[in-house]
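See below for query17.txt, which holds compact mmCIF, C-alpha atoms.
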# COMPACT_ATOMS: atom_id res chain seq x y z
CA ALA A 22 -19.06 4.18 5.74
CA GLU A 23 -17.14 6.80 7.69
CA SER A 24 -13.44 7.04 6.85
CA PRO A 25 -11.28 6.22 9.89
CA TYR A 26 -8.34 8.41 8.82
CA ARG A 27 -7.70 12.05 7.89
CA VAL A 28 -6.84 13.40 4.43
CA ASP A 29 -5.86 16.88 3.26
CA HIS A 30 -5.85 17.13 -0.53
CA ALA A 31 -5.44 20.91 -0.44
CA ALA A 32 -2.31 21.00 1.74
CA PRO A 33 0.88 21.96 -0.12
CA LEU A 34 3.01 19.00 -1.23
CA ASP A 35 6.28 20.93 -1.80
CA ALA A 36 7.31 18.02 -4.00
CA THR A 37 10.88 17.53 -5.17
CA GLU A 38 12.48 15.00 -7.50
CA LYS A 39 15.96 14.04 -8.58
CA PRO A 40 17.12 11.38 -11.04
CA LEU A 41 18.79 8.22 -9.81
CA ASP A 42 20.38 5.50 -11.98
CA PRO A 43 18.24 4.74 -15.03
CA GLY A 44 17.35 1.11 -15.72
CA GLU A 45 16.95 -0.56 -19.08
CA THR A 46 13.14 -0.43 -18.99
CA PHE A 47 12.56 2.49 -16.61
CA THR A 48 13.88 5.78 -15.26
CA LEU A 49 14.24 5.93 -11.47
CA LEU A 50 13.58 9.17 -9.57
CA ARG A 51 13.91 9.93 -5.88
CA VAL A 52 10.84 11.98 -4.98
CA GLU A 53 9.77 13.63 -1.75
CA PHE A 54 6.58 15.36 -0.62
CA ASN A 55 4.79 16.44 2.56
CA GLY A 56 2.99 13.69 4.49
CA ILE A 57 -0.28 13.98 6.38
CA ALA A 58 1.56 14.78 9.65
CA GLY A 59 3.69 17.51 8.04
CA ASP A 60 6.89 15.48 7.81
CA ARG A 61 8.58 14.57 4.52
CA VAL A 62 7.77 11.33 2.70
CA PRO A 63 10.60 9.99 0.49
CA GLY A 64 9.86 7.66 -2.38
CA HIS A 65 11.30 5.97 -5.45
CA LEU A 66 9.33 6.58 -8.65
CA TYR A 67 9.76 4.14 -11.54
CA LEU A 68 8.88 5.72 -14.89
CA PRO A 69 8.57 3.38 -17.89
CA LYS A 70 10.81 4.22 -20.84
CA ASN A 71 9.12 5.61 -23.96
CA LEU A 72 6.00 6.81 -22.15
CA LYS A 73 3.40 8.23 -24.50
CA GLY A 74 0.74 10.40 -22.88
CA ARG A 75 -0.52 9.56 -19.41
CA ALA A 76 0.00 6.14 -17.81
CA PRO A 77 -1.62 4.23 -14.93
CA ALA A 78 0.14 4.67 -11.57
CA ILE A 79 0.36 2.23 -8.66
CA LEU A 80 1.59 2.71 -5.08
CA VAL A 81 3.56 -0.40 -3.98
CA GLN A 82 3.80 -0.59 -0.20
CA HIS A 83 6.19 -2.59 1.99
CA GLY A 84 5.65 -4.67 5.13
CA ILE A 85 6.04 -3.59 8.74
CA GLY A 86 9.82 -3.87 9.13
CA ASP A 87 10.87 -2.94 5.61
CA LYS A 88 11.46 0.10 3.41
CA LYS A 89 11.06 1.22 -0.20
CA GLN A 90 14.27 -0.57 -1.26
CA ALA A 91 13.00 -4.00 -0.07
CA GLU A 92 13.73 -6.59 -2.75
CA TYR A 93 10.07 -7.50 -3.35
CA ILE A 94 9.10 -3.80 -3.66
CA VAL A 95 11.87 -3.12 -6.21
CA LYS A 96 10.96 -6.30 -8.09
CA THR A 97 7.27 -5.37 -8.26
CA CYS A 98 7.99 -1.79 -9.35
CA ARG A 99 10.35 -3.01 -12.09
CA LEU A 100 7.75 -5.51 -13.34
CA LEU A 101 5.11 -2.77 -13.46
CA ALA A 102 7.40 -0.32 -15.28
CA ALA A 103 8.22 -3.02 -17.85
CA ARG A 104 4.46 -3.20 -18.50
CA GLY A 105 4.13 0.55 -19.05
CA VAL A 106 2.79 1.31 -15.55
CA ILE A 107 4.27 4.02 -13.31
CA ALA A 108 5.16 2.63 -9.87
CA LEU A 109 5.88 4.46 -6.62
CA GLY A 110 7.37 2.95 -3.46
CA ILE A 111 7.47 5.12 -0.33
CA ASP A 112 8.97 4.70 3.14
CA ALA A 113 6.17 4.24 5.68
CA PRO A 114 6.21 6.40 8.83
CA GLN A 115 9.28 5.58 11.00
CA ARG A 116 10.74 3.28 8.34
CA GLY A 117 13.58 3.65 5.83
CA GLU A 118 14.79 7.25 5.62
CA ARG A 119 12.10 8.23 8.13
CA LYS A 120 13.54 6.07 10.93
CA ASN A 121 15.05 7.53 14.11
CA LEU A 122 14.43 11.16 13.20
CA PRO A 123 14.85 13.81 15.94
CA GLY A 124 11.80 14.24 18.17
CA GLN A 125 10.05 11.20 16.70
CA GLU A 126 7.38 9.58 18.84
CA LYS A 127 8.16 5.89 19.35
CA ILE A 128 5.56 3.32 18.35
CA SER A 129 4.60 0.61 20.84
CA MET A 130 2.89 -2.37 19.21
CA LEU A 131 1.58 -3.25 22.70
CA ASP A 132 -0.31 0.06 23.00
CA PRO A 133 -3.45 0.16 20.80
CA ALA A 134 -3.63 3.98 20.92
CA SER A 135 -0.04 4.20 19.62
CA VAL A 136 -0.73 1.65 16.87
CA HIS A 137 -3.97 3.39 15.84
CA LYS A 138 -2.22 6.74 15.48
CA TRP A 139 0.58 5.16 13.43
CA PHE A 140 -1.93 3.24 11.26
CA ARG A 141 -3.84 6.44 10.49
CA GLN A 142 -0.61 8.19 9.52
CA HIS A 143 0.09 5.39 7.03
CA CYS A 144 -3.34 5.89 5.46
CA GLY A 145 -2.96 9.67 5.33
CA ASP A 146 0.47 9.33 3.71
CA TYR A 147 -0.95 6.96 1.09
CA SER A 148 -3.56 9.62 0.29
CA ARG A 149 -0.82 12.25 0.00
CA ALA A 150 1.16 9.91 -2.32
CA PHE A 151 -1.80 9.83 -4.73
CA ASP A 152 -2.24 13.61 -4.32
CA TYR A 153 1.37 13.85 -5.52
CA LEU A 154 0.91 11.41 -8.40
CA ALA A 155 -2.16 13.38 -9.52
CA THR A 156 0.03 16.46 -10.05
CA ARG A 157 2.27 14.69 -12.59
CA ALA A 158 1.71 15.25 -16.32
CA ASP A 159 2.72 11.64 -17.09
CA VAL A 160 0.12 10.08 -14.74
CA ASP A 161 -3.52 9.28 -15.54
CA PRO A 162 -5.33 10.03 -12.25
CA GLY A 163 -8.26 7.93 -13.48
CA GLN A 164 -6.06 4.81 -13.36
CA PHE A 165 -4.75 4.66 -9.79
CA GLY A 166 -3.97 1.32 -8.14
CA TYR A 167 -2.48 -0.01 -4.91
CA ILE A 168 -0.38 -3.11 -4.16
CA GLY A 169 0.37 -3.87 -0.50
CA PHE A 170 2.44 -6.54 1.22
CA SER A 171 1.64 -7.73 4.76
CA TRP A 172 1.32 -4.53 6.91
CA GLY A 173 1.21 -2.58 3.64
CA ALA A 174 -1.81 -4.69 2.65
CA ILE A 175 -3.46 -4.43 6.09
CA THR A 176 -3.20 -0.62 6.19
CA GLY A 177 -3.76 -0.35 2.45
CA ILE A 178 -7.13 -2.10 2.41
CA THR A 179 -8.51 0.22 5.08
CA TYR A 180 -7.05 3.16 3.15
CA ALA A 181 -8.24 2.17 -0.34
CA ALA A 182 -11.73 1.25 0.87
CA HIS A 183 -12.33 4.96 1.56
CA ASP A 184 -10.50 6.51 -1.42
CA GLU A 185 -12.61 6.27 -4.57
CA ARG A 186 -9.56 7.24 -6.66
CA ILE A 187 -8.14 3.72 -6.19
CA LYS A 188 -9.59 1.66 -9.02
CA ALA A 189 -7.90 -1.71 -8.35
CA MET A 190 -5.90 -3.31 -5.56
CA ALA A 191 -3.79 -6.36 -4.76
CA SER A 192 -3.31 -7.54 -1.15
CA LEU A 193 -0.39 -9.93 -0.63
CA VAL A 194 -0.17 -11.85 2.68
CA GLY A 195 -2.64 -9.51 4.37
CA GLY A 196 -5.34 -10.41 6.86
CA GLY A 197 -8.14 -9.10 9.05
CA ASN A 198 -9.76 -9.43 12.50
CA LEU A 199 -6.37 -8.53 13.98
CA VAL A 200 -7.58 -7.89 17.52
CA GLY A 201 -4.12 -8.64 18.93
CA ILE A 202 -2.69 -5.62 17.12
CA LEU A 203 -5.63 -3.33 16.44
CA GLY A 204 -7.72 -4.18 19.50
CA VAL A 205 -11.38 -5.09 19.70
CA PRO A 206 -13.38 -2.70 17.49
CA PRO A 207 -15.14 -0.03 19.54
CA ALA A 208 -18.81 -0.73 20.23
CA PRO A 209 -21.24 2.17 19.83
CA GLY A 210 -22.24 3.47 23.24
CA GLU A 211 -25.70 4.56 24.34
CA GLY A 212 -26.38 7.49 22.05
CA LYS A 213 -22.70 8.02 21.27
CA LYS A 214 -20.55 6.35 18.69
CA GLY A 215 -16.96 5.26 19.04
CA PRO A 216 -14.39 6.00 16.34
CA PRO A 217 -14.64 3.76 13.27
CA SER A 218 -12.60 0.55 13.32
CA LEU A 219 -9.27 0.51 11.47
CA ASP A 220 -9.31 -3.25 10.97
CA PRO A 221 -9.30 -4.14 7.25
CA ALA A 222 -11.97 -6.81 7.79
CA HIS A 223 -14.34 -4.05 8.93
CA ASN A 224 -13.52 -1.79 5.96
CA VAL A 225 -12.86 -4.03 2.96
CA ALA A 226 -16.53 -4.30 1.90
CA ALA A 227 -16.44 -0.60 1.01
CA PHE A 228 -13.89 -1.37 -1.74
CA ALA A 229 -16.49 -3.39 -3.67
CA PRO A 230 -17.21 -3.68 -6.54
CA ARG A 231 -13.71 -2.49 -7.51
CA PRO A 232 -11.30 -5.33 -8.48
CA LEU A 233 -9.36 -6.74 -5.50
CA ARG A 234 -6.94 -9.67 -5.70
CA PHE A 235 -5.93 -11.46 -2.49
CA VAL A 236 -2.70 -13.49 -2.55
CA ASN A 237 -2.15 -15.55 0.61
CA ALA A 238 0.02 -18.40 1.89
CA ARG A 239 -1.26 -21.66 3.38
CA GLN A 240 1.80 -22.04 5.67
CA ASP A 241 1.90 -18.41 6.83
CA THR A 242 2.84 -18.22 10.52
CA ILE A 243 2.66 -14.41 10.68
CA ILE A 244 -0.73 -13.83 9.05
CA PHE A 245 -2.29 -17.21 9.84
CA PRO A 246 -4.79 -18.49 7.23
CA PRO A 247 -7.85 -17.82 9.45
CA PHE A 248 -6.93 -14.09 9.49
CA ALA A 249 -6.63 -14.14 5.70
CA GLU A 250 -9.94 -16.01 5.37
CA ALA A 251 -11.68 -13.49 7.63
CA LEU A 252 -10.60 -10.75 5.25
CA HIS A 253 -11.63 -12.72 2.14
CA LYS A 254 -15.04 -13.44 3.66
CA ALA A 255 -15.64 -9.77 4.49
CA ALA A 256 -14.79 -8.60 0.96
CA GLY A 257 -17.59 -7.92 -1.49
CA ALA A 258 -18.11 -8.33 -5.23
CA GLY A 259 -15.00 -7.85 -7.38
CA SER A 260 -12.65 -9.77 -5.07
CA SER A 261 -10.75 -12.95 -5.96
CA VAL A 262 -8.38 -15.19 -3.97
CA GLU A 263 -5.09 -16.87 -4.92
CA TRP A 264 -3.56 -19.32 -2.41
CA HIS A 265 0.01 -20.61 -2.49
CA ASP A 266 1.40 -23.53 -0.49
CA THR A 267 4.23 -21.55 1.08
CA ASP A 268 5.10 -19.25 3.98
CA HIS A 269 4.76 -15.49 4.55
CA TYR A 270 7.89 -14.82 2.47
CA PHE A 271 7.00 -17.11 -0.47
CA HIS A 272 10.05 -19.33 0.16
CA GLY A 273 10.43 -22.03 -2.49
CA MET A 274 8.13 -20.21 -4.91
CA ASP A 275 8.84 -18.44 -8.19
CA LEU A 276 8.35 -14.92 -6.82
CA ASP A 277 8.84 -13.30 -10.24
CA LYS A 278 5.95 -15.39 -11.56
CA ILE A 279 3.66 -14.50 -8.64
CA LEU A 280 4.50 -10.79 -8.81
CA GLY A 281 4.26 -10.85 -12.61
CA GLY A 282 0.74 -12.27 -12.30
CA VAL A 283 -0.19 -9.54 -9.83
CA SER A 284 1.27 -6.90 -12.17
CA ASP A 285 -0.72 -8.30 -15.12
CA PHE A 286 -3.91 -8.31 -13.01
CA MET A 287 -3.42 -4.69 -11.97
CA LYS A 288 -2.57 -3.45 -15.46
CA SER A 289 -5.57 -5.17 -17.04
CA LYS A 290 -8.00 -3.93 -14.39
CA LEU A 291 -6.71 -0.34 -14.53
CA GLU A 292 -6.78 -0.24 -18.31
CA GLY A 293 -10.36 -1.50 -18.09
CA THR A 294 -11.31 1.71 -16.23
CA LYS A 295 -10.51 3.93 -19.24

Using the file provided, produce a representation of the structure as structure tokens.
Amino acid sequence: AESPYRVDHAAPLDATEKPLDPGETFTLLRVEFNGIAGDRVPGHLYLPKNLKGRAPAILVQHGIGDKKQAEYIVKTCRLLAARGVIALGIDAPQRGERKNLPGQEKISMLDPASVHKWFRQHCGDYSRAFDYLATRADVDPGQFGYIGFSWGAITGITYAAHDERIKAMASLVGGGNLVGILGVPPAPGEGKKGPPSLDPAHNVAAFAPRPLRFVNARQDTIIFPPFAEALHKAAGAGSSVEWHDTDHYFHGMDLDKILGGVSDFMKSKLEGTK
């Protein structure tokens, strides 16, 4: 299937890093590199203590209104680092440190063309994040994974479906067939083809047979269960589904337990690719 977003593995990254406060089980670095649109992408990199050789590395991506310091992102990255896995959380375009920058084009969620452009920038930046991780001597580029939450899952599935470097993925409270946001997929015209759909339900099959864990909520009023089920149904071999009787934010649930289970799944699947 044709990839619906642009990558540029050869473009310079101009990566920088500086140490932040070390934790008991990890060292935290602030990293920065060039994104697909030429702007800078800031991230927090969690390095497990006592690393020996090269370790698996996972990009952990936040939801639509959040940033790399979101509690669930920090929690997931800490759980991964405690398991010997390198974790990276980045600010999505126009979020976190990338918000309200001079000359920035505003995103309108009511304008499909605006959303499509923004969506593709997310995917290109994810690709650049793995380009960066691949340059590190402590990372095993054969053990790349992706964990996405909500919008980070929606954009991440479309991204990972077309990047063979991603060996395992977890999608938390994601969904598909999102015509209200992404528009009706373009129909091929007479003798001419429209651009490929960005919707994860139209891309997820390309991730098969790589391991993919869906975690969704029965009482979700943001990604309603039918949107989640549309995505599950479109996925191919290698996918599995975990439902929880809660809302989009896992209220009333043991989030550490859920995220710990996701971390264990990702570690086991990535180590199985060795």

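Taking all atoms listed in the file, the non-local environment of A:Thr37 within 9 Å (same-chain residues fewer than 4 positions away omitted) comprises Arg51, Val52, Glu53 and Phe54 of chain A.
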
Next item on the list: Show which residues sit within 7 Å of A:Val194, as JSON, numbers by chain. Count all atoms listed in the file, and ignore same-chain residues fewer than 5 positions away.
Entry: {"A": [170, 171, 236, 237, 238, 244, 269]}

Would you mind exporting the chosen residues as a PDB file, in the frame of the given file, restricted to C-alpha atoms?
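Writing the result to selection-v7.pdb gives the following:
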ATOM      1  CA  PHE A 170       2.440  -6.540   1.220  1.00  0.00           C
ATOM      2  CA  SER A 171       1.640  -7.730   4.760  1.00  0.00           C
ATOM      3  CA  VAL A 236      -2.700 -13.490  -2.550  1.00  0.00           C
ATOM      4  CA  ASN A 237      -2.150 -15.550   0.610  1.00  0.00           C
ATOM      5  CA  ALA A 238       0.020 -18.400   1.890  1.00  0.00           C
ATOM      6  CA  ILE A 244      -0.730 -13.830   9.050  1.00  0.00           C
ATOM      7  CA  HIS A 269       4.760 -15.490   4.550  1.00  0.00           C
TER       8      HIS A 269
END

Next item on the list: Would you list the residues near (-4.4, -1.6, -5.0) (no more than 9 Å away, in the coordinates of the file, using all atoms listed in the file) as a PyMOL selection string?
Entry: chain A and resi 79-81+165-169+174+177-178+181+187-192+232-234+287

A:Thr48 surroundings by only C-alpha atoms, 9 Å radius, close-in-sequence under 6 positions cut, as an mmCIF file with C-alpha atoms, keeping the file's coordinate frame:
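Done, and the output landed in out-v3.cif:
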data_model
loop_
_atom_site.group_PDB
_atom_site.id
_atom_site.type_symbol
_atom_site.label_atom_id
_atom_site.label_comp_id
_atom_site.auth_asym_id
_atom_site.auth_seq_id
_atom_site.Cartn_x
_atom_site.Cartn_y
_atom_site.Cartn_z
ATOM 1 C CA PRO A 40 17.120 11.380 -11.040
ATOM 2 C CA LEU A 41 18.790 8.220 -9.810
ATOM 3 C CA ASP A 42 20.380 5.500 -11.980
ATOM 4 C CA LEU A 66 9.330 6.580 -8.650
ATOM 5 C CA TYR A 67 9.760 4.140 -11.540
ATOM 6 C CA LEU A 68 8.880 5.720 -14.890
ATOM 7 C CA PRO A 69 8.570 3.380 -17.890
ATOM 8 C CA LYS A 70 10.810 4.220 -20.840
ATOM 9 C CA ALA A 102 7.400 -0.320 -15.280
#

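Atom CA of A:Ile111 is positioned 13.5 Å from atom CA of A:Trp172.
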
Check: How many Å lie between atom CA of A:Pro33 and atom CA of A:Gln115, rounded to one decimal?
Finding: 21.5 Å

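Taking atom CA of A:Phe140 as the reference point, atom CA of A:Ala258 is found at 25.8 Å.
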
Margin query: Considering only C-alpha atoms, can you say which of A:Leu291, A:Leu252, A:Val95, A:Leu109 comes closest to A:Ile175?
Written below: A:Leu252

Notebook entry, point to check: Contacts of A:Asn55 at 7 Å or less, counting all atoms listed in the file, minus same-chain residues fewer than 4 places along, as a list in words?
Noted result: Leu34, Asp35, Gly59, Asp60, Arg61 and Val62 of chain A

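Nearest to A:Gly196 of all the residues A:Pro221, A:Gly259, A:Gly163, A:Gly74 is A:Pro221, based on only C-alpha atoms.
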
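Considering the residues A:Ile128, A:Leu100, A:Ala32, A:Ile85 and counting only C-alpha atoms, A:Gly281 has its shortest atom-to-atom contact with A:Leu100.
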
Fix up stretch 66-80 of chain A with N, CA and C atoms, then write it as a compact mmCIF listing (two decimals), in the frame of the given file.
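Result file result38.txt:
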# COMPACT_ATOMS: atom_id res chain seq x y z
N LEU A 66 10.32 6.58 -7.57
CA LEU A 66 9.33 6.58 -8.65
C LEU A 66 9.95 5.93 -9.88
N TYR A 67 9.30 4.89 -10.37
CA TYR A 67 9.76 4.14 -11.54
C TYR A 67 8.92 4.56 -12.74
N LEU A 68 9.57 5.24 -13.68
CA LEU A 68 8.88 5.72 -14.89
C LEU A 68 9.24 4.82 -16.07
N PRO A 69 8.26 4.20 -16.72
CA PRO A 69 8.57 3.38 -17.89
C PRO A 69 9.25 4.20 -18.98
N LYS A 70 10.18 3.56 -19.69
CA LYS A 70 10.81 4.22 -20.84
C LYS A 70 9.77 4.37 -21.96
N ASN A 71 9.97 5.39 -22.77
CA ASN A 71 9.12 5.61 -23.96
C ASN A 71 7.64 5.78 -23.60
N LEU A 72 7.39 6.52 -22.51
CA LEU A 72 6.00 6.81 -22.15
C LEU A 72 5.37 7.71 -23.21
N LYS A 73 4.15 7.38 -23.58
CA LYS A 73 3.40 8.23 -24.50
C LYS A 73 2.10 8.64 -23.80
N GLY A 74 1.94 9.93 -23.57
CA GLY A 74 0.74 10.40 -22.88
C GLY A 74 0.78 10.04 -21.41
N ARG A 75 -0.40 9.85 -20.84
CA ARG A 75 -0.52 9.56 -19.41
C ARG A 75 -0.66 8.06 -19.18
N ALA A 76 -0.02 7.57 -18.11
CA ALA A 76 0.00 6.14 -17.81
C ALA A 76 -0.68 5.87 -16.47
N PRO A 77 -1.13 4.61 -16.26
CA PRO A 77 -1.62 4.23 -14.93
C PRO A 77 -0.50 4.36 -13.91
N ALA A 78 -0.86 4.54 -12.64
CA ALA A 78 0.14 4.67 -11.57
C ALA A 78 -0.30 3.85 -10.36
N ILE A 79 0.65 3.13 -9.78
CA ILE A 79 0.36 2.23 -8.66
C ILE A 79 1.33 2.52 -7.51
N LEU A 80 0.79 2.63 -6.29
CA LEU A 80 1.59 2.71 -5.08
C LEU A 80 1.86 1.28 -4.60
